[in-house]
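Participant: Provided herewith: final06.txt, compact mmCIF, C-alpha atoms.
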```
# COMPACT_ATOMS: atom_id res chain seq x y z
CA MET P 1 0.00 0.00 0.00
CA ILE P 2 1.22 3.49 -0.71
CA SER P 3 1.57 5.95 2.10
CA ILE P 4 -1.45 7.84 3.40
CA ASP P 5 0.34 11.14 2.81
CA TRP P 6 -0.35 10.97 -0.92
CA TYR P 7 -4.09 10.58 -0.40
CA LEU P 8 -4.12 13.47 2.08
CA ALA P 9 -2.09 15.62 -0.30
CA LEU P 10 -4.56 14.87 -3.11
CA SER P 11 -7.42 15.80 -0.82
CA ALA P 12 -5.74 19.09 0.17
CA VAL P 13 -5.00 20.02 -3.44
CA LEU P 14 -8.59 19.33 -4.53
CA PHE P 15 -9.92 21.33 -1.57
CA CYS P 16 -7.78 24.33 -2.47
CA ILE P 17 -8.74 24.17 -6.15
CA GLY P 18 -12.39 24.19 -5.08
CA MET P 19 -11.79 27.12 -2.76
CA ILE P 20 -10.05 29.16 -5.45
CA GLY P 21 -12.94 28.37 -7.76
CA VAL P 22 -15.45 29.64 -5.20
CA LEU P 23 -13.44 32.83 -4.88
CA ILE P 24 -12.89 33.68 -8.54
CA ARG P 25 -16.01 32.49 -10.36
CA LYS P 26 -19.15 34.60 -10.68
CA ASN P 27 -21.61 32.06 -12.01
CA ALA P 28 -23.62 30.77 -9.05
CA ILE P 29 -23.95 27.25 -10.49
CA VAL P 30 -20.19 26.92 -10.97
CA ILE P 31 -19.67 28.17 -7.41
CA PHE P 32 -22.03 25.41 -6.31
CA MET P 33 -20.03 22.83 -8.24
CA CYS P 34 -16.84 24.06 -6.58
CA VAL P 35 -18.48 23.57 -3.17
CA GLU P 36 -19.31 20.00 -4.19
CA LEU P 37 -15.65 19.55 -5.15
CA MET P 38 -14.57 20.72 -1.69
CA LEU P 39 -17.00 18.27 -0.06
CA ASN P 40 -15.54 15.48 -2.17
CA ALA P 41 -12.00 16.41 -1.19
CA VAL P 42 -12.88 16.08 2.49
CA ASN P 43 -14.53 12.73 1.73
CA VAL P 44 -11.27 11.47 0.25
CA ALA P 45 -9.44 12.39 3.45
CA LEU P 46 -12.09 10.65 5.58
CA VAL P 47 -12.00 7.46 3.50
CA SER P 48 -8.21 7.31 3.55
CA PHE P 49 -8.10 7.71 7.34
CA SER P 50 -10.80 5.07 7.70
CA SER P 51 -8.94 2.65 5.48
CA TYR P 52 -5.58 3.16 7.17
CA HIS P 53 -7.07 2.83 10.66
CA GLY P 54 -8.98 -0.34 9.75
CA ASN P 55 -12.14 1.24 11.13
CA VAL P 56 -15.40 1.48 9.21
CA ASP P 57 -16.81 4.54 11.00
CA GLY P 58 -15.14 7.01 8.65
CA GLN P 59 -16.86 5.44 5.66
CA ILE P 60 -20.23 5.63 7.43
CA PHE P 61 -19.57 9.32 7.97
CA VAL P 62 -18.81 9.74 4.27
CA PHE P 63 -22.11 8.02 3.50
CA PHE P 64 -23.99 10.56 5.64
CA SER P 65 -22.03 13.43 4.11
CA LEU P 66 -23.11 12.17 0.67
CA ALA P 67 -26.74 12.34 1.76
CA VAL P 68 -26.26 15.85 3.13
CA ALA P 69 -24.52 16.92 -0.10
CA ALA P 70 -27.43 15.57 -2.14
CA SER P 71 -30.04 17.47 -0.15
CA GLU P 72 -27.88 20.60 -0.16
CA ALA P 73 -27.58 20.44 -3.94
CA VAL P 74 -31.33 20.02 -4.34
CA VAL P 75 -32.23 22.99 -2.14
CA GLY P 76 -29.44 25.16 -3.53
CA LEU P 77 -30.45 24.57 -7.13
CA ALA P 78 -34.06 25.37 -6.24
CA ILE P 79 -32.89 28.67 -4.73
CA ILE P 80 -30.84 29.39 -7.87
CA ILE P 81 -33.90 28.77 -10.03
CA ALA P 82 -35.97 31.09 -7.83
CA ILE P 83 -33.30 33.82 -8.07
CA PHE P 84 -33.04 33.40 -11.83
CA ARG P 85 -36.78 33.85 -12.14
CA ASN P 86 -36.57 37.23 -10.41
CA ASN P 87 -33.28 38.60 -11.76
CA LEU P 88 -32.86 36.74 -15.08
CA SER P 89 -29.25 36.17 -14.09
CA VAL P 90 -27.20 33.86 -11.90
CA ASP P 91 -24.22 36.22 -11.83
CA VAL P 92 -23.50 36.71 -8.15
CA SER P 93 -22.11 40.20 -8.75
CA LYS P 94 -25.52 41.28 -10.08
CA ILE P 95 -27.51 39.81 -7.21
CA ASN P 96 -26.93 42.67 -4.83
CA LEU P 97 -30.28 43.42 -3.25
CA LEU P 98 -29.03 42.74 0.27
CA ARG P 99 -25.48 43.87 -0.33
CA TRP P 100 -24.16 46.66 1.82
CA MET D 101 0.80 -1.34 -9.85
CA ILE D 102 -1.31 0.44 -7.22
CA SER D 103 1.12 3.37 -7.30
CA TYR D 104 0.75 3.78 -11.05
CA LEU D 105 -3.04 3.58 -10.78
CA PHE D 106 -3.01 6.15 -8.00
CA ILE D 107 -0.80 8.54 -9.97
CA PHE D 108 -3.05 8.20 -13.02
CA LEU D 109 -6.26 8.75 -11.04
CA ALA D 110 -4.82 11.63 -9.00
CA ILE D 111 -3.57 13.45 -12.08
CA MET D 112 -6.95 12.94 -13.73
CA ALA D 113 -8.78 14.25 -10.66
CA VAL D 114 -6.62 17.35 -10.26
CA ALA D 115 -6.62 18.13 -13.99
CA SER D 116 -10.40 17.82 -14.27
CA ALA D 117 -10.86 19.98 -11.16
CA LEU D 118 -8.62 22.66 -12.66
CA ALA D 119 -10.42 22.43 -15.99
CA MET D 120 -13.75 22.77 -14.17
CA VAL D 121 -12.63 26.00 -12.52
CA ILE D 122 -11.05 27.43 -15.66
CA SER D 123 -13.56 26.55 -18.39
CA ARG D 124 -15.95 29.31 -19.41
CA ASN D 125 -18.79 27.11 -20.55
CA THR D 126 -20.94 25.93 -17.66
CA VAL D 127 -21.86 22.62 -19.33
CA ASN D 128 -18.17 21.85 -19.80
CA SER D 129 -17.58 22.61 -16.12
CA ALA D 130 -20.31 20.17 -15.10
CA LEU D 131 -18.92 17.43 -17.36
CA PHE D 132 -15.40 17.95 -15.99
CA LEU D 133 -16.87 17.61 -12.50
CA VAL D 134 -18.39 14.27 -13.53
CA LEU D 135 -14.93 13.14 -14.68
CA ASN D 136 -13.54 14.27 -11.33
CA MET D 137 -16.17 12.26 -9.42
CA VAL D 138 -15.45 9.13 -11.44
CA SER D 139 -11.71 9.37 -10.83
CA LEU D 140 -12.37 9.90 -7.11
CA SER D 141 -14.44 6.73 -7.08
CA GLY D 142 -11.40 4.98 -8.55
CA ILE D 143 -9.38 6.38 -5.63
CA TYR D 144 -11.98 4.90 -3.25
CA LEU D 145 -11.52 1.53 -4.93
CA LEU D 146 -7.77 1.76 -4.30
CA LEU D 147 -8.57 2.45 -0.65
CA GLN D 148 -10.69 -0.75 -0.42
CA ALA D 149 -13.95 1.19 -0.04
CA GLN D 150 -15.95 -0.63 -2.69
CA PHE D 151 -19.36 0.39 -1.39
CA LEU D 152 -18.47 4.07 -1.35
CA ALA D 153 -17.01 3.84 -4.85
CA VAL D 154 -20.31 2.51 -6.19
CA VAL D 155 -22.33 5.05 -4.20
CA GLN D 156 -20.09 7.87 -5.41
CA VAL D 157 -20.80 6.99 -9.03
CA LEU D 158 -24.52 6.43 -8.38
CA VAL D 159 -25.26 9.47 -6.23
CA TYR D 160 -22.74 12.08 -7.35
CA ALA D 161 -22.05 11.31 -10.98
CA GLY D 162 -25.52 9.90 -11.51
CA ALA D 163 -28.01 11.93 -9.53
CA ILE D 164 -26.46 15.22 -8.42
CA MET D 165 -24.64 15.98 -11.66
CA VAL D 166 -27.71 15.16 -13.74
CA LEU D 167 -29.58 17.66 -11.58
CA PHE D 168 -26.84 20.25 -12.17
CA LEU D 169 -26.84 19.66 -15.92
CA PHE D 170 -30.62 19.85 -15.96
CA VAL D 171 -30.58 23.25 -14.24
CA VAL D 172 -27.76 24.55 -16.46
CA MET D 173 -29.64 23.61 -19.60
CA LEU D 174 -32.95 24.83 -18.20
CA LEU D 175 -31.58 28.29 -17.48
CA ASN D 176 -29.73 28.47 -20.83
CA LEU D 177 -26.81 30.49 -19.48
CA ASP D 178 -24.32 32.40 -21.57
CA ASP D 179 -20.62 31.75 -21.35
CA GLU D 180 -18.74 33.76 -18.81
CA VAL D 181 -16.73 35.75 -21.37
CA SER D 182 -15.12 38.13 -18.91
CA LEU D 183 -13.29 35.32 -17.10
CA PHE D 184 -9.48 35.75 -17.34
CA ASN D 185 -9.76 38.48 -19.96
CA LYS D 186 -7.58 40.80 -17.99
CA PHE D 187 -5.53 40.52 -14.85
CA ARG D 188 -7.54 41.30 -11.76
CA VAL D 189 -6.32 41.72 -8.21
CA LYS D 190 -9.08 39.32 -7.18
CA TYR D 191 -7.46 36.40 -9.02
CA PHE D 192 -4.10 37.12 -7.47
CA VAL D 193 -5.57 37.39 -3.97
CA ALA D 194 -7.55 34.16 -4.47
CA PHE D 195 -4.40 32.35 -5.64
CA ILE D 196 -2.38 33.59 -2.66
CA PHE D 197 -5.18 32.59 -0.31
CA GLY D 198 -5.35 29.12 -1.86
CA VAL D 199 -1.60 28.61 -1.54
CA VAL D 200 -1.69 29.74 2.10
CA VAL D 201 -4.53 27.37 2.97
CA LEU D 202 -2.86 24.51 1.06
CA SER D 203 0.39 24.98 2.94
CA GLN D 204 -1.49 25.12 6.24
CA ILE D 205 -3.33 21.87 5.51
CA LEU D 206 -0.16 20.13 4.34
CA TYR D 207 1.71 21.34 7.43
CA SER D 208 -0.98 20.08 9.77
CA MET D 209 -1.10 16.74 7.95
CA GLY D 210 2.67 16.35 7.92
CA THR D 211 3.06 14.29 11.06
CA VAL D 212 -0.13 12.27 10.80
CA SER D 213 1.42 9.21 9.19
CA ASN D 214 3.51 8.58 12.32
CA MET D 215 0.36 8.28 14.43
CA LEU D 216 -1.31 5.52 12.43
CA PRO D 217 -1.86 2.19 14.18
CA GLU D 218 -0.39 -1.01 12.84
CA ILE D 219 -3.17 -2.93 11.11
CA SER D 220 -3.23 -6.39 9.68
CA PRO D 221 -3.94 -6.83 5.95
CA GLN D 222 -7.41 -8.27 6.51
CA MET D 223 -8.33 -5.32 8.73
CA ALA D 224 -7.75 -3.08 5.72
CA GLN D 225 -10.49 -4.90 3.80
CA ILE D 226 -13.26 -3.09 5.63
CA GLY D 227 -15.18 -1.25 2.95
CA THR D 228 -17.29 -4.13 1.66
CA VAL D 229 -21.04 -3.78 1.45
CA GLU D 230 -21.40 -6.36 4.18
CA ALA D 231 -19.24 -4.48 6.70
CA ILE D 232 -20.82 -1.11 5.90
CA GLY D 233 -24.33 -2.51 6.18
CA ASP D 234 -23.47 -4.22 9.44
CA ALA D 235 -22.34 -0.96 11.03
CA LEU D 236 -25.02 1.15 9.35
CA PHE D 237 -28.00 -0.90 10.46
CA LYS D 238 -26.77 -1.72 13.97
CA GLU D 239 -24.80 1.16 15.45
CA TYR D 240 -25.95 3.95 13.16
CA ILE D 241 -29.59 3.14 12.67
CA LEU D 242 -30.83 6.39 14.26
CA PRO D 243 -28.70 8.70 12.06
CA PHE D 244 -29.79 6.61 9.08
CA HIS D 245 -33.45 7.37 9.81
CA ILE D 246 -32.66 11.02 10.45
CA VAL D 247 -31.04 11.13 7.00
CA ALA D 248 -34.30 9.83 5.56
CA LEU D 249 -36.14 12.69 7.27
CA LEU D 250 -33.55 15.15 5.97
CA LEU D 251 -33.94 13.97 2.38
CA THR D 252 -37.73 14.20 2.59
CA ALA D 253 -37.51 17.70 4.03
CA ALA D 254 -35.03 18.74 1.33
CA ALA D 255 -37.23 17.45 -1.49
CA THR D 256 -40.32 19.16 -0.09
CA GLY D 257 -38.46 22.40 0.55
CA ALA D 258 -36.99 22.41 -2.96
CA LEU D 259 -40.46 21.93 -4.45
CA LEU D 260 -41.78 24.83 -2.39
CA VAL D 261 -38.88 27.17 -3.23
CA ALA D 262 -38.85 26.44 -6.95
CA LYS D 263 -42.61 26.57 -7.39
CA HIS D 264 -43.51 28.97 -10.15
CA LYS D 265 -46.28 30.95 -8.58
CA VAL D 266 -46.89 31.15 -4.89
CA ASN D 267 -50.60 31.26 -4.26
CA PRO D 268 -51.52 34.44 -2.42
CA VAL D 269 -53.14 33.89 0.90
CA THR D 270 -56.76 34.88 0.48
CA GLU D 271 -58.90 35.71 3.39
CA LYS D 272 -61.94 33.57 3.63
CA ASN D 273 -64.93 34.96 5.36
CA ASP D 274 -66.77 31.77 6.02
```
Please go through the file and, once you have read it, give me the structure as structure tokens.
Facilitator:
Amino acid sequence: MISIDWYLALSAVLFCIGMIGVLIRKNAIVIFMCVELMLNAVNVALVSFSSYHGNVDGQIFVFFSLAVAASEAVVGLAIIIAIFRNNLSVDVSKINLLRW
Amino acid sequence: MISYLFIFLAIMAVASALAMVISRNTVNSALFLVLNMVSLSGIYLLLQAQFLAVVQVLVYAGAIMVLFLFVVMLLNLDDEVSLFNKFRVKYFVAFIFGVVVLSQILYSMGTVSNMLPEISPQMAQIGTVEAIGDALFKEYILPFHIVALLLTAAATGALLVAKHKVNPVTEKND
């Protein structure tokens, strides 16, 4: 088996790519996809720890995080559709009704 | 053999994540994210988590990304033409921030491999459907049911939020 460090490094790199994507993109749907990428990166870290500890609890936690990610995606996309219906745009720099 | 597979899958995951962030077309971004999910499920297979690999493909690449693609095509978005046209301070700051967070995470993970317990080879074979189901339906049965409630609430809430016309509350005199 290869060392756990490589899996953790992959997880960290994916997390940071997702974070940079959240920061630089303006399309709300792409921001959402970057959040999903960050969730996935954390899942990789959890699964690698679970596998290297020989303990199944980490994988159960990943299962629950998958369910939470699914419901989050459903509600978030519904909110995006509702915003698009009002503003005719999903550009987050144009959605500034509550912005200071 | 496992090392070569890991290198291949990791490069594919990182490259598709980068391509997702960089590409201007939203549909291309979604398809790159699907590629990323599939390569991550390969990583799960290398980690002996067979159940999670299957669930990753089913739930993420199957259900969630279909939902994303459906919304992208429903809204018929234009390409984001202004992305990377000119240098902005925002991109530079985001890059610096990402590098700082990456170095922090790598620093905090640096000593973790010394703390791992010694496990036998058959203890590493834990991710089978049998083992997961055993733990899920015995120890974690209450969270499992709460997840069912959460999914129902999410589906109902999404229907309510995305409904086209909210019926105005009319006062009834009877």
Participant: Provide as a count of residues only the residues of chain D at most 7 Å from chain P, counting all atoms listed in the file.
Facilitator: 34
Participant: Counting all atoms listed in the file, figure out which residue out of D:Phe184, D:Val199, D:Val127, D:Val154 gets nearest to Phe170 of chain D.
Facilitator: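 The shortest atom-to-atom distance to Phe170 of chain D comes from D:Val127.
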Participant: What is the distance between atom CA of Val134 of chain D and atom CA of Phe108 of chain D, in Å to one decimal?
Facilitator: 16.5 Å
Participant: Report, in Å with one decimal, the straight-line distance from atom CA of Leu260 of chain D to atom CA of Phe168 of chain D.
Facilitator: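 Here the two named atoms are 18.4 Å from each other.
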Participant: Any idea what the distance is between atom CA of Leu39 of chain P and atom CA of Tyr160 of chain D?
Facilitator: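 Taking atom CA of Leu39 of chain P and atom CA of Tyr160 of chain D, their separation equals 11.2 Å.
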Participant: So that I can check the surroundings of Leu131 of chain D, please list as a ChimeraX atom specification every protein, DNA and RNA residue that reaches within 10 Å of it, counting only C-alpha atoms and ignoring chain neighbours fewer than 4 positions away.
Facilitator: /D:116,119-120,126-127,135-137,161,165-166,168-169
Participant: Counting all atoms listed in the file, write as a list in words all protein and nucleic acid residues lying at most 10 Å from (-18.2, 33.4, -27.2) in the file's frame.
Facilitator: Arg124, Asn125, Asp178, Asp179, Glu180 and Val181 of chain D
Participant: Any chance you could model N, CA and C atoms for segment 109-144 of chain D and send them as a CSV table (one decimal), in the frame of the given file?
Facilitator:
```csv
chain,number,residue,atom,x,y,z
D,109,LEU,N,-5.0,8.2,-11.5
D,109,LEU,CA,-6.3,8.8,-11.0
D,109,LEU,C,-6.1,10.1,-10.4
D,110,ALA,N,-5.0,10.3,-9.7
D,110,ALA,CA,-4.8,11.6,-9.0
D,110,ALA,C,-4.6,12.7,-10.0
D,111,ILE,N,-3.8,12.4,-11.1
D,111,ILE,CA,-3.6,13.4,-12.1
D,111,ILE,C,-4.9,13.8,-12.8
D,112,MET,N,-5.7,12.7,-13.1
D,112,MET,CA,-7.0,12.9,-13.7
D,112,MET,C,-7.9,13.8,-12.9
D,113,ALA,N,-7.9,13.5,-11.5
D,113,ALA,CA,-8.8,14.2,-10.7
D,113,ALA,C,-8.4,15.7,-10.6
D,114,VAL,N,-7.1,16.0,-10.4
D,114,VAL,CA,-6.6,17.4,-10.3
D,114,VAL,C,-6.8,18.1,-11.6
D,115,ALA,N,-6.5,17.4,-12.7
D,115,ALA,CA,-6.6,18.1,-14.0
D,115,ALA,C,-8.1,18.4,-14.3
D,116,SER,N,-9.0,17.5,-14.0
D,116,SER,CA,-10.4,17.8,-14.3
D,116,SER,C,-10.9,18.9,-13.3
D,117,ALA,N,-10.4,18.9,-12.1
D,117,ALA,CA,-10.9,20.0,-11.2
D,117,ALA,C,-10.4,21.3,-11.7
D,118,LEU,N,-9.1,21.4,-12.1
D,118,LEU,CA,-8.6,22.7,-12.7
D,118,LEU,C,-9.4,23.1,-13.9
D,119,ALA,N,-9.7,22.1,-14.8
D,119,ALA,CA,-10.4,22.4,-16.0
D,119,ALA,C,-11.8,22.9,-15.7
D,120,MET,N,-12.4,22.3,-14.6
D,120,MET,CA,-13.8,22.8,-14.2
D,120,MET,C,-13.7,24.2,-13.7
D,121,VAL,N,-12.7,24.6,-13.0
D,121,VAL,CA,-12.6,26.0,-12.5
D,121,VAL,C,-12.4,26.9,-13.7
D,122,ILE,N,-11.5,26.5,-14.6
D,122,ILE,CA,-11.0,27.4,-15.7
D,122,ILE,C,-12.1,27.6,-16.8
D,123,SER,N,-12.8,26.5,-17.2
D,123,SER,CA,-13.6,26.6,-18.4
D,123,SER,C,-14.7,27.5,-18.3
D,124,ARG,N,-14.9,28.2,-19.4
D,124,ARG,CA,-16.0,29.3,-19.4
D,124,ARG,C,-17.3,28.8,-19.6
D,125,ASN,N,-17.5,27.7,-20.3
D,125,ASN,CA,-18.8,27.1,-20.6
D,125,ASN,C,-19.3,26.3,-19.3
D,126,THR,N,-20.5,26.6,-18.9
D,126,THR,CA,-20.9,25.9,-17.7
D,126,THR,C,-21.2,24.4,-17.9
D,127,VAL,N,-21.6,24.1,-19.1
D,127,VAL,CA,-21.9,22.6,-19.3
D,127,VAL,C,-20.5,21.9,-19.3
D,128,ASN,N,-19.5,22.5,-19.9
D,128,ASN,CA,-18.2,21.8,-19.8
D,128,ASN,C,-17.7,21.7,-18.4
D,129,SER,N,-18.0,22.7,-17.5
D,129,SER,CA,-17.6,22.6,-16.1
D,129,SER,C,-18.3,21.4,-15.5
D,130,ALA,N,-19.6,21.3,-15.7
D,130,ALA,CA,-20.3,20.2,-15.1
D,130,ALA,C,-19.8,18.8,-15.6
D,131,LEU,N,-19.4,18.7,-16.9
D,131,LEU,CA,-18.9,17.4,-17.4
D,131,LEU,C,-17.5,17.1,-16.8
D,132,PHE,N,-16.7,18.2,-16.6
D,132,PHE,CA,-15.4,18.0,-16.0
D,132,PHE,C,-15.6,17.5,-14.5
D,133,LEU,N,-16.6,18.0,-13.9
D,133,LEU,CA,-16.9,17.6,-12.5
D,133,LEU,C,-17.3,16.1,-12.5
D,134,VAL,N,-18.0,15.7,-13.5
D,134,VAL,CA,-18.4,14.3,-13.5
D,134,VAL,C,-17.1,13.4,-13.7
D,135,LEU,N,-16.2,13.9,-14.5
D,135,LEU,CA,-14.9,13.1,-14.7
D,135,LEU,C,-14.2,13.1,-13.4
D,136,ASN,N,-14.2,14.2,-12.6
D,136,ASN,CA,-13.5,14.3,-11.3
D,136,ASN,C,-14.2,13.3,-10.4
D,137,MET,N,-15.5,13.2,-10.3
D,137,MET,CA,-16.2,12.3,-9.4
D,137,MET,C,-15.8,10.8,-9.8
D,138,VAL,N,-15.8,10.5,-11.1
D,138,VAL,CA,-15.4,9.1,-11.4
D,138,VAL,C,-14.0,8.8,-11.0
D,139,SER,N,-13.1,9.7,-11.2
D,139,SER,CA,-11.7,9.4,-10.8
D,139,SER,C,-11.6,9.3,-9.3
D,140,LEU,N,-12.4,10.1,-8.6
D,140,LEU,CA,-12.4,9.9,-7.1
D,140,LEU,C,-12.9,8.6,-6.7
D,141,SER,N,-13.9,8.1,-7.4
D,141,SER,CA,-14.4,6.7,-7.1
D,141,SER,C,-13.4,5.7,-7.4
D,142,GLY,N,-12.5,5.9,-8.4
D,142,GLY,CA,-11.4,5.0,-8.6
D,142,GLY,C,-10.4,5.0,-7.4
D,143,ILE,N,-10.2,6.2,-6.8
D,143,ILE,CA,-9.4,6.4,-5.6
D,143,ILE,C,-10.0,5.6,-4.5
D,144,TYR,N,-11.3,5.7,-4.3
D,144,TYR,CA,-12.0,4.9,-3.2
D,144,TYR,C,-11.8,3.4,-3.4
```
